[in-house]
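final33.pdb, holding PDB, N, CA and C atoms, pLDDT in the B column:
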```
ATOM      1  N   MET J   1     -32.103 -19.780 -12.540  1.00 58.00           N
ATOM      2  CA  MET J   1     -31.012 -19.755 -11.569  1.00 58.00           C
ATOM      3  C   MET J   1     -29.755 -19.204 -12.240  1.00 58.00           C
ATOM      4  N   PRO J   2     -29.107 -18.200 -11.637  1.00 66.00           N
ATOM      5  CA  PRO J   2     -27.900 -17.630 -12.241  1.00 66.00           C
ATOM      6  C   PRO J   2     -26.755 -18.630 -12.257  1.00 66.00           C
ATOM      7  N   LYS J   3     -25.903 -18.451 -13.239  1.00 74.00           N
ATOM      8  CA  LYS J   3     -24.736 -19.317 -13.369  1.00 74.00           C
ATOM      9  C   LYS J   3     -23.742 -19.040 -12.244  1.00 74.00           C
ATOM     10  N   MET J   4     -23.231 -20.072 -11.612  1.00 77.00           N
ATOM     11  CA  MET J   4     -22.273 -19.923 -10.526  1.00 77.00           C
ATOM     12  C   MET J   4     -20.905 -19.543 -11.092  1.00 77.00           C
ATOM     13  N   ARG J   5     -20.178 -18.713 -10.353  1.00 74.00           N
ATOM     14  CA  ARG J   5     -18.844 -18.299 -10.745  1.00 74.00           C
ATOM     15  C   ARG J   5     -17.843 -18.819  -9.729  1.00 74.00           C
ATOM     16  N   LYS J   6     -16.671 -19.135 -10.213  1.00 83.00           N
ATOM     17  CA  LYS J   6     -15.602 -19.534  -9.312  1.00 83.00           C
ATOM     18  C   LYS J   6     -15.068 -18.298  -8.613  1.00 83.00           C
ATOM     19  N   LYS J   7     -14.573 -18.470  -7.406  1.00 78.00           N
ATOM     20  CA  LYS J   7     -14.045 -17.335  -6.649  1.00 78.00           C
ATOM     21  C   LYS J   7     -12.889 -16.672  -7.399  1.00 78.00           C
ATOM     22  N   SER J   8     -12.113 -17.456  -8.119  1.00 81.00           N
ATOM     23  CA  SER J   8     -10.985 -16.897  -8.861  1.00 81.00           C
ATOM     24  C   SER J   8     -11.432 -16.044 -10.042  1.00 81.00           C
ATOM     25  N   ASP J   9     -12.696 -16.172 -10.459  1.00 84.00           N
ATOM     26  CA  ASP J   9     -13.227 -15.390 -11.579  1.00 84.00           C
ATOM     27  C   ASP J   9     -13.863 -14.078 -11.136  1.00 84.00           C
ATOM     28  N   LEU J  10     -13.982 -13.836  -9.831  1.00 89.00           N
ATOM     29  CA  LEU J  10     -14.613 -12.621  -9.326  1.00 89.00           C
ATOM     30  C   LEU J  10     -13.667 -11.429  -9.463  1.00 89.00           C
ATOM     31  N   PRO J  11     -14.230 -10.221  -9.639  1.00 91.00           N
ATOM     32  CA  PRO J  11     -13.385  -9.030  -9.741  1.00 91.00           C
ATOM     33  C   PRO J  11     -12.600  -8.769  -8.462  1.00 91.00           C
ATOM     34  N   VAL J  12     -11.436  -8.168  -8.608  1.00 94.00           N
ATOM     35  CA  VAL J  12     -10.555  -7.874  -7.473  1.00 94.00           C
ATOM     36  C   VAL J  12     -10.193  -6.388  -7.508  1.00 94.00           C
ATOM     37  N   LYS J  13     -10.117  -5.774  -6.328  1.00 95.00           N
ATOM     38  CA  LYS J  13      -9.662  -4.394  -6.182  1.00 95.00           C
ATOM     39  C   LYS J  13      -8.599  -4.346  -5.094  1.00 95.00           C
ATOM     40  N   THR J  14      -7.868  -3.244  -5.036  1.00 96.00           N
ATOM     41  CA  THR J  14      -6.876  -3.028  -3.995  1.00 96.00           C
ATOM     42  C   THR J  14      -7.436  -2.014  -2.998  1.00 96.00           C
ATOM     43  N   CYS J  15      -7.330  -2.319  -1.735  1.00 95.00           N
ATOM     44  CA  CYS J  15      -7.836  -1.448  -0.671  1.00 95.00           C
ATOM     45  C   CYS J  15      -7.054  -0.135  -0.654  1.00 95.00           C
ATOM     46  N   ALA J  16      -7.780   0.984  -0.571  1.00 93.00           N
ATOM     47  CA  ALA J  16      -7.149   2.304  -0.556  1.00 93.00           C
ATOM     48  C   ALA J  16      -6.423   2.579   0.757  1.00 93.00           C
ATOM     49  N   SER J  17      -6.718   1.826   1.804  1.00 92.00           N
ATOM     50  CA  SER J  17      -6.105   2.055   3.105  1.00 92.00           C
ATOM     51  C   SER J  17      -4.909   1.136   3.351  1.00 92.00           C
ATOM     52  N   CYS J  18      -5.141  -0.171   3.265  1.00 93.00           N
ATOM     53  CA  CYS J  18      -4.078  -1.120   3.609  1.00 93.00           C
ATOM     54  C   CYS J  18      -3.293  -1.623   2.396  1.00 93.00           C
ATOM     55  N   GLY J  19      -3.826  -1.436   1.199  1.00 94.00           N
ATOM     56  CA  GLY J  19      -3.119  -1.842  -0.011  1.00 94.00           C
ATOM     57  C   GLY J  19      -3.244  -3.310  -0.358  1.00 94.00           C
ATOM     58  N   LEU J  20      -4.028  -4.058   0.402  1.00 95.00           N
ATOM     59  CA  LEU J  20      -4.208  -5.483   0.125  1.00 95.00           C
ATOM     60  C   LEU J  20      -5.351  -5.697  -0.871  1.00 95.00           C
ATOM     61  N   PRO J  21      -5.254  -6.750  -1.679  1.00 95.00           N
ATOM     62  CA  PRO J  21      -6.336  -7.031  -2.623  1.00 95.00           C
ATOM     63  C   PRO J  21      -7.544  -7.634  -1.913  1.00 95.00           C
ATOM     64  N   PHE J  22      -8.733  -7.308  -2.420  1.00 94.00           N
ATOM     65  CA  PHE J  22      -9.955  -7.916  -1.906  1.00 94.00           C
ATOM     66  C   PHE J  22     -10.888  -8.203  -3.073  1.00 94.00           C
ATOM     67  N   THR J  23     -11.730  -9.223  -2.918  1.00 94.00           N
ATOM     68  CA  THR J  23     -12.604  -9.652  -4.005  1.00 94.00           C
ATOM     69  C   THR J  23     -14.026  -9.157  -3.805  1.00 94.00           C
ATOM     70  N   TRP J  24     -14.759  -9.197  -4.893  1.00 92.00           N
ATOM     71  CA  TRP J  24     -16.157  -8.793  -4.939  1.00 92.00           C
ATOM     72  C   TRP J  24     -16.980  -9.597  -3.943  1.00 92.00           C
ATOM     73  N   ARG J  25     -17.937  -8.934  -3.298  1.00 91.00           N
ATOM     74  CA  ARG J  25     -18.862  -9.600  -2.381  1.00 91.00           C
ATOM     75  C   ARG J  25     -20.282  -9.292  -2.806  1.00 91.00           C
ATOM     76  N   LYS J  26     -21.177 -10.200  -2.526  1.00 91.00           N
ATOM     77  CA  LYS J  26     -22.580 -10.045  -2.904  1.00 91.00           C
ATOM     78  C   LYS J  26     -23.173  -8.748  -2.352  1.00 91.00           C
ATOM     79  N   LYS J  27     -22.804  -8.375  -1.128  1.00 92.00           N
ATOM     80  CA  LYS J  27     -23.372  -7.166  -0.517  1.00 92.00           C
ATOM     81  C   LYS J  27     -22.927  -5.892  -1.242  1.00 92.00           C
ATOM     82  N   TRP J  28     -21.860  -5.967  -2.047  1.00 91.00           N
ATOM     83  CA  TRP J  28     -21.378  -4.816  -2.809  1.00 91.00           C
ATOM     84  C   TRP J  28     -21.885  -4.832  -4.242  1.00 91.00           C
ATOM     85  N   GLU J  29     -22.801  -5.716  -4.561  1.00 89.00           N
ATOM     86  CA  GLU J  29     -23.256  -5.928  -5.935  1.00 89.00           C
ATOM     87  C   GLU J  29     -23.715  -4.638  -6.610  1.00 89.00           C
ATOM     88  N   ARG J  30     -24.511  -3.841  -5.945  1.00 93.00           N
ATOM     89  CA  ARG J  30     -25.075  -2.623  -6.545  1.00 93.00           C
ATOM     90  C   ARG J  30     -24.110  -1.445  -6.537  1.00 93.00           C
ATOM     91  N   ASP J  31     -23.089  -1.499  -5.684  1.00 94.00           N
ATOM     92  CA  ASP J  31     -22.221  -0.339  -5.488  1.00 94.00           C
ATOM     93  C   ASP J  31     -20.737  -0.656  -5.694  1.00 94.00           C
ATOM     94  N   TRP J  32     -20.411  -1.686  -6.464  1.00 93.00           N
ATOM     95  CA  TRP J  32     -19.040  -2.151  -6.615  1.00 93.00           C
ATOM     96  C   TRP J  32     -18.115  -1.052  -7.150  1.00 93.00           C
ATOM     97  N   ASP J  33     -18.606  -0.188  -8.023  1.00 94.00           N
ATOM     98  CA  ASP J  33     -17.760   0.864  -8.587  1.00 94.00           C
ATOM     99  C   ASP J  33     -17.293   1.871  -7.542  1.00 94.00           C
ATOM    100  N   ASN J  34     -18.044   2.025  -6.454  1.00 94.00           N
ATOM    101  CA  ASN J  34     -17.707   2.998  -5.418  1.00 94.00           C
ATOM    102  C   ASN J  34     -16.992   2.402  -4.213  1.00 94.00           C
ATOM    103  N   VAL J  35     -16.843   1.095  -4.160  1.00 94.00           N
ATOM    104  CA  VAL J  35     -16.186   0.443  -3.019  1.00 94.00           C
ATOM    105  C   VAL J  35     -14.681   0.694  -3.110  1.00 94.00           C
ATOM    106  N   ARG J  36     -14.096   1.235  -2.031  1.00 95.00           N
ATOM    107  CA  ARG J  36     -12.663   1.558  -2.004  1.00 95.00           C
ATOM    108  C   ARG J  36     -11.903   0.826  -0.904  1.00 95.00           C
ATOM    109  N   PHE J  37     -12.610   0.397   0.144  1.00 95.00           N
ATOM    110  CA  PHE J  37     -11.956  -0.206   1.306  1.00 95.00           C
ATOM    111  C   PHE J  37     -12.411  -1.652   1.488  1.00 95.00           C
ATOM    112  N   CYS J  38     -11.525  -2.491   2.002  1.00 93.00           N
ATOM    113  CA  CYS J  38     -11.823  -3.916   2.157  1.00 93.00           C
ATOM    114  C   CYS J  38     -12.675  -4.203   3.388  1.00 93.00           C
ATOM    115  N   SER J  39     -12.687  -3.286   4.360  1.00 93.00           N
ATOM    116  CA  SER J  39     -13.428  -3.528   5.595  1.00 93.00           C
ATOM    117  C   SER J  39     -13.796  -2.202   6.257  1.00 93.00           C
ATOM    118  N   GLU J  40     -14.648  -2.288   7.250  1.00 93.00           N
ATOM    119  CA  GLU J  40     -15.008  -1.101   8.030  1.00 93.00           C
ATOM    120  C   GLU J  40     -13.797  -0.575   8.797  1.00 93.00           C
ATOM    121  N   ARG J  41     -12.946  -1.462   9.237  1.00 94.00           N
ATOM    122  CA  ARG J  41     -11.739  -1.049   9.961  1.00 94.00           C
ATOM    123  C   ARG J  41     -10.843  -0.185   9.074  1.00 94.00           C
ATOM    124  N   CYS J  42     -10.644  -0.602   7.837  1.00 93.00           N
ATOM    125  CA  CYS J  42      -9.837   0.185   6.900  1.00 93.00           C
ATOM    126  C   CYS J  42     -10.529   1.508   6.569  1.00 93.00           C
ATOM    127  N   LYS J  43     -11.840   1.479   6.503  1.00 92.00           N
ATOM    128  CA  LYS J  43     -12.584   2.703   6.216  1.00 92.00           C
ATOM    129  C   LYS J  43     -12.404   3.729   7.339  1.00 92.00           C
ATOM    130  N   ARG J  44     -12.404   3.255   8.576  1.00 92.00           N
ATOM    131  CA  ARG J  44     -12.199   4.147   9.728  1.00 92.00           C
ATOM    132  C   ARG J  44     -10.781   4.688   9.790  1.00 92.00           C
ATOM    133  N   ASN J  45      -9.798   3.870   9.386  1.00 88.00           N
ATOM    134  CA  ASN J  45      -8.388   4.240   9.480  1.00 88.00           C
ATOM    135  C   ASN J  45      -7.827   4.722   8.148  1.00 88.00           C
ATOM    136  N   LYS J  46      -8.664   5.244   7.284  1.00 76.00           N
ATOM    137  CA  LYS J  46      -8.221   5.624   5.940  1.00 76.00           C
ATOM    138  C   LYS J  46      -7.122   6.668   5.925  1.00 76.00           C
ATOM    139  N   GLY J  47      -7.031   7.508   6.922  1.00 66.00           N
ATOM    140  CA  GLY J  47      -5.986   8.526   6.953  1.00 66.00           C
ATOM    141  C   GLY J  47      -4.649   8.018   7.446  1.00 66.00           C
ATOM    142  N   ALA J  48      -4.612   6.867   8.095  1.00 62.00           N
ATOM    143  CA  ALA J  48      -3.392   6.348   8.702  1.00 62.00           C
ATOM    144  C   ALA J  48      -2.344   5.935   7.669  1.00 62.00           C
ATOM    145  N   ALA J  49      -2.769   5.350   6.559  1.00 53.00           N
ATOM    146  CA  ALA J  49      -1.829   4.854   5.558  1.00 53.00           C
ATOM    147  C   ALA J  49      -1.452   5.917   4.541  1.00 53.00           C
ATOM    148  N   ASP J  50      -2.244   6.970   4.426  1.00 51.00           N
ATOM    149  CA  ASP J  50      -1.983   8.000   3.409  1.00 51.00           C
ATOM    150  C   ASP J  50      -0.902   8.950   3.791  1.00 51.00           C
TER     151      ASP J  50
END
```

What's the structure tokens form of this structure?
Amino acid sequence: MPKMRKKSDLPVKTCASCGLPFTWRKKWERDWDNVRFCSERCKRNKGAAD
């Protein structure tokens, strides 16, 4: 069984669209290096903040 991590110990990134910080999620485990947006909504509106 893998060792449990506290939420505060998880990696954090800043969303390229809204600029808010977001933490690592299990579904991004294999592709964390390529994740740029915190949600699908931010991904759709990526041009609005730039």

Excluding region 17-23 of chain J and residues on its chain fewer than 2 positions from it, collect all residues at most 7 Å away from it, counting only C-alpha atoms, and give them as a JSON list (two decimals) with N, CA and C atoms, keeping the file's coordinate frame.
```json
[["chain", "number", "residue", "atom", "x", "y", "z"],
["J", 10, "LEU", "N", -13.98, -13.84, -9.83],
["J", 10, "LEU", "CA", -14.61, -12.62, -9.33],
["J", 10, "LEU", "C", -13.67, -11.43, -9.46],
["J", 11, "PRO", "N", -14.23, -10.22, -9.64],
["J", 11, "PRO", "CA", -13.38, -9.03, -9.74],
["J", 11, "PRO", "C", -12.60, -8.77, -8.46],
["J", 12, "VAL", "N", -11.44, -8.17, -8.61],
["J", 12, "VAL", "CA", -10.56, -7.87, -7.47],
["J", 12, "VAL", "C", -10.19, -6.39, -7.51],
["J", 13, "LYS", "N", -10.12, -5.77, -6.33],
["J", 13, "LYS", "CA", -9.66, -4.39, -6.18],
["J", 13, "LYS", "C", -8.60, -4.35, -5.09],
["J", 14, "THR", "N", -7.87, -3.24, -5.04],
["J", 14, "THR", "CA", -6.88, -3.03, -4.00],
["J", 14, "THR", "C", -7.44, -2.01, -3.00],
["J", 15, "CYS", "N", -7.33, -2.32, -1.74],
["J", 15, "CYS", "CA", -7.84, -1.45, -0.67],
["J", 15, "CYS", "C", -7.05, -0.14, -0.65],
["J", 25, "ARG", "N", -17.94, -8.93, -3.30],
["J", 25, "ARG", "CA", -18.86, -9.60, -2.38],
["J", 25, "ARG", "C", -20.28, -9.29, -2.81],
["J", 37, "PHE", "N", -12.61, 0.40, 0.14],
["J", 37, "PHE", "CA", -11.96, -0.21, 1.31],
["J", 37, "PHE", "C", -12.41, -1.65, 1.49],
["J", 38, "CYS", "N", -11.52, -2.49, 2.00],
["J", 38, "CYS", "CA", -11.82, -3.92, 2.16],
["J", 38, "CYS", "C", -12.68, -4.20, 3.39],
["J", 42, "CYS", "N", -10.64, -0.60, 7.84],
["J", 42, "CYS", "CA", -9.84, 0.18, 6.90],
["J", 42, "CYS", "C", -10.53, 1.51, 6.57],
["J", 46, "LYS", "N", -8.66, 5.24, 7.28],
["J", 46, "LYS", "CA", -8.22, 5.62, 5.94],
["J", 46, "LYS", "C", -7.12, 6.67, 5.92],
["J", 49, "ALA", "N", -2.77, 5.35, 6.56],
["J", 49, "ALA", "CA", -1.83, 4.85, 5.56],
["J", 49, "ALA", "C", -1.45, 5.92, 4.54]]
```

What does the distance from CA of Ala16 (chain J) to atom C of Arg36 (chain J) come to in Å, to one decimal?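 That distance, rounded to one decimal, is 5.0 Å.
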
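Taking atom N of Lys3 (chain J) and atom C of Asp33 (chain J) as endpoints, the distance between them is 22.8 Å.
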
How many Å separate CA of Asp9 (chain J) from CA of Trp24 (chain J)?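 Result for CA of Asp9 (chain J) versus CA of Trp24 (chain J): 9.8 Å, one decimal.
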
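Among the residues of chain J, backbone DSSP assigns alpha helix (DSSP H) to J:Glu40, J:Arg41, J:Cys42, J:Lys43, J:Arg44, J:Lys46, J:Gly47, J:Ala48, J:Ala49.
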
Apply DSSP to the structure's backbone, then extract all residues of chain J labelled strand (DSSP E or B) and return them as a list in words. Val12, Lys13, Thr14, Pro21, Phe22 and Thr23 of chain J
